[in-house]
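Source file: entry_17.cif; contents: mmCIF, C-alpha atoms.
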data_final
#
loop_
_atom_site.label_atom_id
_atom_site.label_comp_id
_atom_site.auth_asym_id
_atom_site.auth_seq_id
_atom_site.Cartn_x
_atom_site.Cartn_y
_atom_site.Cartn_z
CA MET A 1 -76.53 0.01 4.68
CA PRO A 2 -73.87 1.45 2.31
CA ARG A 3 -72.49 -0.78 -0.36
CA LYS A 4 -69.19 -2.43 0.54
CA LEU A 5 -66.27 -0.85 -1.27
CA PRO A 6 -64.47 -3.20 -3.64
CA GLU A 7 -60.93 -4.01 -2.62
CA TYR A 8 -58.53 -2.13 -4.84
CA ASN A 9 -55.88 -3.87 -6.85
CA ALA A 10 -52.49 -3.55 -5.20
CA ALA A 11 -50.51 -5.29 -7.91
CA SER A 12 -48.88 -2.08 -9.17
CA LEU A 13 -47.80 -0.98 -5.73
CA ALA A 14 -44.75 -3.16 -6.09
CA ASP A 15 -43.85 -1.48 -9.37
CA ILE A 16 -44.07 1.95 -7.79
CA ALA A 17 -41.90 0.85 -4.90
CA PHE A 18 -39.38 -0.63 -7.31
CA MET A 19 -39.23 2.65 -9.17
CA LEU A 20 -38.50 4.54 -5.97
CA LEU A 21 -35.91 1.95 -5.04
CA LEU A 22 -34.12 2.31 -8.35
CA PHE A 23 -34.17 6.10 -8.07
CA PHE A 24 -32.42 5.94 -4.71
CA LEU A 25 -29.97 3.33 -5.91
CA VAL A 26 -28.89 5.61 -8.73
CA THR A 27 -28.73 8.97 -6.96
CA THR A 28 -27.03 8.00 -3.71
CA THR A 29 -23.62 6.69 -2.82
CA MET A 30 -22.68 4.31 -0.10
CA ASP A 31 -18.91 4.82 -0.02
CA THR A 32 -17.67 6.19 3.25
CA ASP A 33 -15.08 8.87 2.83
CA SER A 34 -11.77 8.15 4.40
CA GLY A 35 -8.40 9.78 4.32
CA LEU A 36 -5.34 10.93 6.18
CA GLU A 37 -6.35 13.33 8.91
CA ARG A 38 -3.91 16.17 9.55
CA ARG A 39 -3.90 19.48 11.33
CA LEU A 40 -2.37 22.50 9.67
CA PRO A 41 -0.31 24.88 11.77
CA PRO A 42 -2.04 28.17 12.57
CA PRO A 43 -0.95 31.08 10.39
CA PRO A 44 2.11 32.94 11.65
CA PRO A 45 1.35 36.20 13.45
CA PRO A 46 1.98 39.16 11.14
CA ASN A 47 4.67 40.80 13.25
CA GLN A 48 6.63 37.66 13.99
CA ASP A 49 10.26 38.15 14.86
CA LEU A 50 12.08 35.65 12.69
CA THR A 51 15.42 36.12 14.41
CA ASN A 52 14.12 35.28 17.86
CA GLN A 53 12.76 31.81 17.13
CA PRO A 54 13.65 28.97 19.46
CA GLN A 55 16.47 26.97 18.00
CA ILE A 56 15.86 23.26 17.59
CA LYS A 57 18.93 21.10 17.78
CA GLU A 58 19.86 19.27 14.64
CA ARG A 59 19.71 15.88 16.26
CA ASN A 60 16.09 16.48 17.21
CA VAL A 61 14.92 17.06 13.64
CA PHE A 62 14.21 14.33 11.14
CA VAL A 63 14.41 16.08 7.81
CA VAL A 64 12.53 14.58 4.87
CA LEU A 65 12.92 16.35 1.55
CA VAL A 66 10.98 15.41 -1.57
CA ASN A 67 12.13 16.89 -4.86
CA LYS A 68 10.31 17.50 -8.11
CA ASN A 69 11.25 14.06 -9.41
CA ASP A 70 9.60 12.47 -6.38
CA GLN A 71 12.92 11.41 -4.91
CA LEU A 72 13.46 11.38 -1.17
CA LEU A 73 16.34 12.78 0.80
CA VAL A 74 16.13 11.71 4.42
CA GLU A 75 18.65 13.14 6.88
CA GLY A 76 20.96 13.92 3.97
CA LYS A 77 20.77 10.51 2.35
CA PRO A 78 18.63 9.33 -0.56
CA MET A 79 16.05 6.76 0.44
CA ARG A 80 13.15 4.80 -0.96
CA ILE A 81 9.65 5.32 0.42
CA ARG A 82 9.37 1.76 1.66
CA ASP A 83 12.38 2.20 3.99
CA LEU A 84 11.07 5.45 5.42
CA ARG A 85 8.70 3.98 7.99
CA GLN A 86 11.37 1.97 9.76
CA LYS A 87 13.79 4.89 9.79
CA ALA A 88 11.15 7.22 11.24
CA GLU A 89 10.25 4.70 13.93
CA GLU A 90 13.90 4.37 14.87
CA PHE A 91 14.14 8.14 15.11
CA MET A 92 11.05 8.63 17.26
CA ALA A 93 11.71 5.70 19.60
CA ASN A 94 15.52 5.96 19.93
CA PRO A 95 15.66 2.75 21.98
CA ASN A 96 19.40 2.77 22.70
CA ASN A 97 19.76 6.49 23.47
CA ASP A 98 21.98 6.99 20.47
CA PRO A 99 23.62 10.46 20.67
CA LYS A 100 22.82 11.02 16.98
CA LEU A 101 19.09 10.44 17.54
CA PRO A 102 16.83 12.89 19.42
CA GLU A 103 17.14 13.79 23.06
CA LYS A 104 14.64 12.64 25.62
CA GLU A 105 12.99 14.52 28.40
CA VAL A 106 11.49 12.98 31.51
CA LYS A 107 7.80 13.80 31.80
CA ASP A 108 5.15 12.66 34.23
CA VAL A 109 2.61 10.76 32.15
CA PRO A 110 -0.56 9.30 33.70
CA PHE A 111 -0.54 5.48 33.93
CA PHE A 112 3.17 5.37 33.10
CA GLY A 113 4.74 7.55 35.80
CA PRO A 114 7.92 9.46 34.91
CA THR A 115 8.75 8.46 31.35
CA GLU A 116 11.34 9.56 28.86
CA VAL A 117 9.56 11.39 26.07
CA THR A 118 11.33 12.11 22.84
CA LYS A 119 11.91 15.69 21.74
CA GLY A 120 12.10 14.64 18.11
CA VAL A 121 10.26 16.50 15.38
CA ILE A 122 9.72 15.27 11.84
CA SER A 123 10.12 17.99 9.25
CA LEU A 124 8.67 17.38 5.81
CA GLN A 125 9.54 19.65 2.92
CA ASN A 126 8.32 19.25 -0.59
CA ASP A 127 8.93 20.99 -3.88
CA VAL A 128 6.32 22.78 -5.95
CA GLY A 129 6.76 20.07 -8.57
CA THR A 130 6.32 17.09 -6.24
CA THR A 131 3.46 14.82 -7.25
CA TYR A 132 0.57 14.73 -4.80
CA GLY A 133 0.53 10.92 -4.83
CA THR A 134 4.13 10.81 -3.60
CA TYR A 135 3.45 13.43 -0.98
CA ILE A 136 0.56 11.36 0.38
CA ALA A 137 2.69 8.21 0.31
CA VAL A 138 5.38 9.96 2.39
CA GLN A 139 2.80 11.41 4.81
CA ASN A 140 1.27 7.97 5.07
CA GLU A 141 4.58 6.38 6.04
CA LEU A 142 5.31 9.06 8.65
CA VAL A 143 1.84 8.84 10.20
CA GLY A 144 2.13 5.05 10.00
CA ALA A 145 5.43 5.08 11.88
CA ILE A 146 3.88 6.98 14.78
CA ASN A 147 0.78 4.78 14.73
CA ASP A 148 2.99 1.67 14.85
CA LEU A 149 4.89 2.96 17.87
CA ARG A 150 1.64 3.78 19.68
CA GLU A 151 0.29 0.36 18.88
CA GLN A 152 3.43 -1.32 20.22
CA LEU A 153 3.27 0.62 23.45
CA ALA A 154 -0.42 -0.17 23.90
CA GLN A 155 0.25 -3.87 23.41
CA GLN A 156 3.16 -3.75 25.82
CA LYS A 157 1.35 -1.91 28.58
CA TRP A 158 -2.25 -3.14 28.39
CA ASN A 159 -2.03 -6.04 25.97
CA LYS A 160 -4.71 -4.34 23.91
CA SER A 161 -4.86 -2.57 20.61
CA TYR A 162 -4.55 1.23 20.72
CA LYS A 163 -8.02 1.51 19.18
CA ASP A 164 -9.59 -0.42 22.07
CA LEU A 165 -8.11 1.72 24.83
CA ASN A 166 -10.22 4.32 26.60
CA GLU A 167 -9.84 8.04 26.02
CA ASP A 168 -7.45 8.68 28.94
CA GLN A 169 -5.17 5.80 28.04
CA GLN A 170 -5.00 6.93 24.44
CA LYS A 171 -4.16 10.42 25.62
CA ALA A 172 -1.30 9.11 27.75
CA ILE A 173 0.13 7.23 24.79
CA ARG A 174 -0.28 10.24 22.57
CA GLU A 175 1.75 12.20 25.08
CA ILE A 176 4.63 9.74 24.88
CA TYR A 177 4.54 9.51 21.08
CA PRO A 178 3.23 12.88 19.90
CA SER A 179 2.35 13.29 16.26
CA LYS A 180 4.90 15.98 15.54
CA ILE A 181 5.11 16.28 11.78
CA SER A 182 5.90 19.81 10.78
CA GLU A 183 5.60 21.03 7.25
CA ALA A 184 7.83 23.84 6.20
CA GLU A 185 6.47 26.89 4.47
CA PRO A 186 6.47 25.99 0.79
CA LYS A 187 9.49 27.10 -1.11
CA LYS A 188 10.72 26.48 -4.55
CA VAL A 189 13.81 24.32 -4.75
CA GLY A 190 15.38 23.93 -8.15
CA LYS A 191 13.83 24.74 -11.48
CA LYS A 192 10.60 23.25 -12.70
CA MET B 1 -60.03 -42.98 1.18
CA SER B 2 -62.05 -40.60 -0.87
CA LYS B 3 -62.77 -38.76 2.27
CA PHE B 4 -59.36 -37.11 2.18
CA ARG B 5 -59.10 -36.56 -1.52
CA LYS B 6 -60.66 -33.20 -2.01
CA ASP B 7 -60.92 -31.95 -5.49
CA ASP B 8 -59.19 -33.74 -8.31
CA LYS B 9 -59.63 -30.93 -10.80
CA LYS B 10 -58.07 -28.29 -8.56
CA GLU B 11 -55.15 -26.32 -10.07
CA THR B 12 -52.31 -24.87 -8.05
CA PRO B 13 -53.42 -21.47 -6.80
CA PRO B 14 -51.45 -18.43 -8.05
CA ILE B 15 -48.77 -17.28 -5.64
CA SER B 16 -49.94 -14.28 -3.71
CA THR B 17 -47.81 -11.22 -4.44
CA ALA B 18 -49.42 -9.14 -1.75
CA ALA B 19 -46.23 -9.18 0.34
CA LEU B 20 -43.99 -8.08 -2.54
CA PRO B 21 -44.51 -4.32 -2.02
CA ASP B 22 -43.68 -4.77 1.66
CA ILE B 23 -40.41 -6.43 0.81
CA VAL B 24 -39.49 -3.78 -1.72
CA PHE B 25 -40.37 -1.01 0.73
CA MET B 26 -38.12 -2.64 3.28
CA LEU B 27 -35.24 -2.57 0.80
CA LEU B 28 -36.09 1.02 -0.07
CA PHE B 29 -35.94 2.17 3.54
CA PHE B 30 -32.67 0.33 4.10
CA ILE B 31 -31.09 2.11 1.14
CA MET B 32 -32.51 5.48 2.10
CA VAL B 33 -31.07 5.19 5.59
CA SER B 34 -27.66 3.76 4.77
CA THR B 35 -26.64 5.96 1.83
CA THR B 36 -26.12 9.63 1.22
CA MET B 37 -26.98 11.80 -1.75
CA ARG B 38 -24.22 12.61 -4.20
CA GLU B 39 -23.14 16.13 -3.26
CA VAL B 40 -21.85 17.59 -6.48
CA THR B 41 -21.33 16.66 -10.08
CA LEU B 42 -17.62 16.40 -10.58
CA LYS B 43 -16.18 18.70 -13.19
CA VAL B 44 -12.61 17.63 -12.55
CA GLN B 45 -11.11 14.17 -12.81
CA VAL B 46 -10.01 12.93 -9.42
CA LYS B 47 -8.16 9.68 -9.02
CA LEU B 48 -7.37 9.48 -5.34
CA PRO B 49 -3.96 8.32 -4.08
CA GLN B 50 -3.67 5.19 -1.99
CA ALA B 51 -2.78 5.03 1.69
CA THR B 52 -2.99 2.67 4.63
CA GLU B 53 -3.33 4.87 7.71
CA LEU B 54 -6.86 6.02 7.01
CA SER B 55 -9.45 7.43 9.33
CA LYS B 56 -13.09 7.78 8.46
CA LEU B 57 -15.00 11.01 8.15
CA GLU B 58 -17.71 10.65 10.73
CA ARG B 59 -20.22 13.44 10.24
CA LYS B 60 -20.70 14.23 6.60
CA SER B 61 -22.74 17.35 7.24
CA LEU B 62 -19.69 18.98 8.81
CA VAL B 63 -17.38 18.27 5.89
CA SER B 64 -16.61 20.76 3.13
CA TYR B 65 -15.08 19.33 -0.01
CA ILE B 66 -12.42 20.86 -2.21
CA TYR B 67 -11.71 19.02 -5.46
CA ILE B 68 -8.49 19.50 -7.40
CA GLY B 69 -7.64 17.82 -10.68
CA PRO B 70 -7.52 18.17 -14.44
CA PRO B 71 -10.90 19.22 -15.95
CA GLN B 72 -13.18 16.55 -17.41
CA GLN B 73 -12.81 15.83 -21.11
CA GLN B 74 -15.67 18.08 -22.22
CA TYR B 75 -14.19 21.15 -20.48
CA GLN B 76 -10.63 20.61 -21.64
CA ALA B 77 -11.20 22.39 -24.94
CA SER B 78 -11.84 25.69 -23.14
CA LEU B 79 -9.85 25.23 -19.94
CA GLY B 80 -6.86 23.11 -20.91
CA SER B 81 -5.66 20.11 -18.97
CA GLU B 82 -3.87 21.85 -16.10
CA PRO B 83 -5.32 20.95 -12.66
CA ARG B 84 -8.11 23.23 -11.51
CA ILE B 85 -9.98 23.72 -8.24
CA GLN B 86 -13.66 22.89 -7.98
CA LEU B 87 -15.79 24.28 -5.16
CA ASN B 88 -19.44 23.26 -5.01
CA ASP B 89 -20.45 22.99 -8.66
CA SER B 90 -18.08 25.37 -10.40
CA PHE B 91 -14.44 25.90 -11.26
CA SER B 92 -12.79 28.33 -8.90
CA ASN B 93 -9.54 30.09 -8.16
CA VAL B 94 -7.40 29.90 -5.08
CA GLY B 95 -8.78 33.28 -3.99
CA ASP B 96 -12.33 31.90 -3.77
CA ILE B 97 -11.46 29.40 -1.05
CA GLN B 98 -11.72 31.88 1.82
CA ASP B 99 -15.24 32.88 0.78
CA PHE B 100 -16.18 29.25 0.31
CA ILE B 101 -15.07 28.27 3.81
CA ILE B 102 -16.76 31.29 5.36
CA SER B 103 -20.05 30.53 3.62
CA GLU B 104 -19.80 26.90 4.71
CA ARG B 105 -19.35 28.08 8.28
CA GLU B 106 -22.32 30.40 8.10
CA ALA B 107 -24.52 27.46 7.10
CA HIS B 108 -23.76 25.74 10.40
CA ASP B 109 -24.39 26.32 14.07
CA GLU B 110 -21.73 28.33 15.83
CA ALA B 111 -21.07 25.45 18.22
CA GLU B 112 -20.37 23.12 15.33
CA VAL B 113 -17.84 25.33 13.58
CA PRO B 114 -14.78 24.04 15.49
CA LEU B 115 -15.70 20.48 14.48
CA MET B 116 -15.77 21.22 10.79
CA ILE B 117 -13.35 19.38 8.54
CA THR B 118 -12.16 20.27 5.08
CA SER B 119 -11.69 17.27 2.85
CA LEU B 120 -9.18 17.65 0.03
CA LYS B 121 -9.96 15.37 -2.86
CA VAL B 122 -6.92 15.76 -5.04
CA ASP B 123 -5.90 13.82 -8.13
CA GLN B 124 -2.77 11.80 -7.46
CA TYR B 125 -0.81 13.24 -10.41
CA THR B 126 -1.39 16.87 -9.40
CA LYS B 127 1.73 18.86 -8.61
CA MET B 128 2.07 20.06 -5.03
CA GLY B 129 2.24 23.74 -6.05
CA ILE B 130 -1.52 24.19 -6.31
CA VAL B 131 -2.14 22.03 -3.22
CA SER B 132 0.27 24.15 -1.16
CA ASP B 133 -1.52 27.30 -2.30
CA VAL B 134 -4.83 25.83 -1.16
CA LYS B 135 -3.34 24.83 2.19
CA GLN B 136 -1.98 28.35 2.72
CA GLU B 137 -5.45 29.78 2.04
CA LEU B 138 -6.99 27.32 4.51
CA ARG B 139 -4.49 28.35 7.15
CA ARG B 140 -5.29 32.00 6.56
CA VAL B 141 -9.00 31.37 7.16
CA GLN B 142 -8.27 29.16 10.21
CA ALA B 143 -9.70 25.99 8.71
CA LEU B 144 -6.90 23.89 10.12
CA HIS B 145 -8.50 20.50 10.42
CA ILE B 146 -8.10 18.82 7.05
CA ASN B 147 -8.39 15.36 5.62
CA TYR B 148 -6.43 14.21 2.58
CA SER B 149 -8.91 11.90 0.93
CA ALA B 150 -7.38 8.59 -0.09
CA ARG B 151 -8.33 5.06 -0.98
CA LYS B 152 -7.44 2.03 1.05
CA ARG B 153 -4.40 0.32 -0.37
CA THR B 154 -5.41 -3.21 -1.17
CA GLU B 155 -2.24 -5.16 -1.80
CA LYS B 156 1.33 -4.51 -0.74
CA ASP B 157 3.04 -2.48 -3.48
#

Let me see the file written as structure tokens.
Amino acid sequence: MPRKLPEYNAASLADIAFMLLLFFLVTTTMDTDSGLERRLPPPPPPNQDLTNQPQIKERNVFVVLVNKNDQLLVEGKPMRIRDLRQKAEEFMANPNNDPKLPEKEVKDVPFFGPTEVTKGVISLQNDVGTTYGTYIAVQNELVGAINDLREQLAQQKWNKSYKDLNEDQQKAIREIYPSKISEAEPKKVGKK
Amino acid sequence: MSKFRKDDKKETPPISTAALPDIVFMLLFFIMVSTTMREVTLKVQVKLPQATELSKLERKSLVSYIYIGPPQQQYQASLGSEPRIQLNDSFSNVGDIQDFIISEREAHDEAEVPLMITSLKVDQYTKMGIVSDVKQELRRVQALHINYSARKRTEKD
């Protein structure tokens, strides 16, 4: 009969585990990355004919210019960032069919039937000297305007938040309020 | 009543710590599962801008990071304080971005390449000139899905 092994002392096991725990606490991060998601336009084809581009009517374009002093010029008028969201929503929705605001085109959208869809495009141009923080603030307001409109429509139609709709319903709403924010090719306006 | 009184001289027994390692291991596993390793040591200072319309980056393995900002204090003597680009662990130029994106793609499955996202972590006081250059490079290499990293704005202005 072999001798019974003595039970080993497990008191330091906790210390070892604590050491591992501290190591992981120090070397890892828990913060989830978040940010504004955008899609860049594909690069222009090399032999593009610049003269033969489709003309977009002036009433269909919402021009936002940001200069090197981080000042905004929206549709030819100076504006503060906090007023931009409302102005952009007005432009994209055009509730009263104002002739100065963008045209609408009747499209067949699932769930909604024939619906008037705006032809408006938001054009954002910035200077080389614009501060990145301002640029993000402007982008944020423009994305926010479209998100607000989508949210309103979702509430109106299904009484639900846009986030809670299924994939097809979201797609239908995206078709009515497309995220059309175009960024011009960078150019230098004014001296640095 | 002496039948119930057991031992008058008995001291309180020491608390058993046998379960302590189990508890600590539980914490350890929780932290190992719910966190991620720090990817790079930052050589540039990045103070992210604030925004409200944020979306989360879902799959971290598919994200490539580009950092732009003024160099950290210890590098400023040799590099100056103008914003620089950091890719992986080193300072880079705009021309290195194409190679960086291509090597990131090669590290992934071909099926996953269209899902890849480039996250731009840019200091909020950087001028747009350098950011536009980076965006042009990304367009040239067809990495069109980007994410401007930002913090959640806490209070209203």

**OP:** Would you write out, as a count of residues only, every residue that the PyMOL selection byres ((chain B) within 6 of (chain A)) captures in this file?
**Re:** 27

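Around B:Ile101, within 9 Å and counting all atoms listed in the file, the residues found are Ser64, Thr118, Leu138, Val141 and Ala143 of chain B, once anything fewer than 6 positions away on its own chain is removed.
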
**OP:** Find the residues near A:Ile122: any atom within 8 Å, counting all atoms listed in the file, skip ones fewer than 2 places away on the same chain, and give them as a list in words.
**Re:** Val61, Phe62, Val63, Val64, Gly120, Leu124, Lys180, Ile181 and Ser182 of chain A

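Distance check against B:Val122 using all atoms listed in the file: of B:Gln45, B:Ser103, B:Ser81, B:Thr154, the minimum falls on B:Gln45.
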
**OP:** Give as a ChimeraX atom specification the set of residues within 10 Å of the point (-20.0, 18.5, -14.5), where distances use the file's coordinates and all atoms listed in the file.
**Re:** /B:40-44,71-72,74-75,89-91

Original post:
With all atoms listed in the file as the atoms that count, which of B:Leu27, B:Val33, B:Ile15, B:Leu62 lies nearest to B:Pro114?
Top reply: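 Under the stated criterion, the closest residue is B:Leu62.
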
If you take every atom of stretch 75-92 of chain B that the file lists and fit an axis-aligned box around them with 6 Å extra on each side, what centre and edge lengths come out in Å to one decimal, as JSON?
{"center_x": -12.2, "center_y": 24.2, "center_z": -15.0, "size_x": 28.6, "size_y": 20.2, "size_z": 31.9}

Original post:
Between B:Ser16, B:Met32, B:Phe25, B:Val63, which one has atoms that come closest to B:Val113, using all atoms listed in the file?
Top reply: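 Closest to B:Val113 of all the choices is B:Val63.
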
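Using all atoms listed in the file, the nearest neighbour of A:Lys171 within the list A:Ala88, A:Gln156, A:Val109, A:Ala184 is A:Val109.
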